[in-house]
Amino acid sequence: MSGMIDCRYLNRMYSPLPENRTVRSAAGRTSSFLDMAVKTGRGTADVLEVSGKPEVSETDETSNVDAYLEHLKKKYGRVTIESIGKDQASLEKAGKRMSGNDVVIAPNILEEMADDVNKALYYEQKIDYFFNTVIPQGNAICAAQGLVFEPCGVVVHEDGTVTYICGCSDSPERVAEVNRINAEKAKKKAEQQRQYQEQALAAAAQRRAMWERTAQAEALEKSFSNIGDLLKTRIVSAPTVTPETSLPAGTNMFFLNL
């Protein structure tokens, strides 16, 4: 069903009705239908010989099934004759197209229900249990948890097992509260990301400024070093000035070799 959240549907199965099991019930609608179906599809002699199972023509069987199906539709509303698997994928697919009051019965089970009073009573009791018990209990359980019960329908499989498909969804109030909480979380996360970006940009700017200061200091130091080297070069290469000594005229010069 649309809007279903956490689609963990209730999947309750019942074993098929044993052949030797007799079901007694005061189900007025079923009994009245069976009386009508027998009178319509069989003669008076056949009614008196039900236990003997007299021969019934294919036309009689078809009309009996159609009449019983009409009875089910009047009783439950939306009744579909279809074989649905018991695997999760098949049940989920069936549940998505159900509206809450669907009854799906396998063709072979419908024929058995139309021909066997006990089987008709047995399966109708299982279907009634879904509408009379499962849905009210589901509403109460989900409401206690702030959820909305979402019934889908009943499936009677071709092997005779019965499955109830249903789930829970959030109430409008809870949906609004969850949306508000999620919006606050998203806003807080966006603010944190903005702060992280600002901090990252500030740290990058600090690193860039430090690098620029370091580069400037290294350049200045290199410049000073070049000036010092230049000064040293000039001092070393400067010409040596030797003062000239004037000797008096007539001074004899001699050399002493030791």
# chains A, B, ... in the order shown; residues from 1 in each chain; ligands from 1

call {"tool": "select_by_dssp", "arguments": {"residues": "stretch 100-200 of chain A", "states": "helix (DSSP H, G or I)", "output": "PyMOL selection string"}}
result
chain A and resi 107-115+117-144+172-200

call {"tool": "atom_distance", "arguments": {"atom1": "atom CA of A:Asn132", "atom2": "atom CA of A:Arg78"}}
result
16.3 Å

call {"tool": "atom_distance", "arguments": {"atom1": "atom CA of A:Cys152", "atom2": "atom CA of A:Met98"}}
result
5.2 Å

call {"tool": "closest_residue", "arguments": {"among": "A:Val65, A:Leu91, A:Ile84, A:Cys142", "to": "A:Leu110", "atoms": "only C-alpha atoms"}}
result
A:Val65

call {"tool": "closest_residue", "arguments": {"among": "A:Ser171, A:Lys75, A:Met210, A:Gln125", "to": "A:Gln145", "atoms": "only C-alpha atoms"}}
result
A:Ser171

call {"tool": "residues_around", "arguments": {"residues": "A:Val156", "least_positions_apart": "5", "cutoff": "10 Å", "atoms": "only C-alpha atoms", "output": "ChimeraX atom specification"}}
result
/A:13-14,16,81-86,103-107,109-110,123,126-127,161-164

call {"tool": "write_last_selection", "arguments": {"atoms": "C-alpha atoms", "output": "short mmCIF file (atom, residue, chain, number, x, y, z; two decimals), in the first residue's frame"}}
result
data_model
loop_
_atom_site.label_atom_id
_atom_site.label_comp_id
_atom_site.auth_asym_id
_atom_site.auth_seq_id
_atom_site.Cartn_x
_atom_site.Cartn_y
_atom_site.Cartn_z
CA MET A 13 -0.13 -18.87 7.79
CA TYR A 14 -2.55 -21.68 8.56
CA PRO A 16 -4.77 -26.54 4.95
CA ILE A 81 -9.35 -15.53 -7.82
CA GLU A 82 -5.60 -15.91 -8.30
CA SER A 83 -2.74 -18.15 -7.22
CA ILE A 84 -0.12 -16.19 -5.25
CA GLY A 85 3.16 -17.66 -4.07
CA LYS A 86 4.18 -17.75 -0.42
CA VAL A 103 -9.47 -11.43 -0.37
CA VAL A 104 -7.43 -13.49 -2.84
CA ILE A 105 -8.24 -17.18 -3.25
CA ALA A 106 -6.48 -19.74 -5.43
CA PRO A 107 -8.78 -21.20 -8.13
CA ILE A 109 -9.35 -23.72 -3.32
CA LEU A 110 -12.40 -21.83 -4.56
CA TYR A 123 -11.60 -20.84 5.05
CA LYS A 126 -9.89 -17.70 8.59
CA ILE A 127 -10.92 -14.78 6.39
CA THR A 161 -2.37 -22.14 3.64
CA VAL A 162 -3.69 -18.69 4.59
CA THR A 163 -1.60 -15.52 4.81
CA TYR A 164 -2.57 -12.18 6.33
#

call {"tool": "atom_distance", "arguments": {"atom1": "atom CA of A:Asn118", "atom2": "atom CA of A:Tyr68"}}
result
13.9 Å
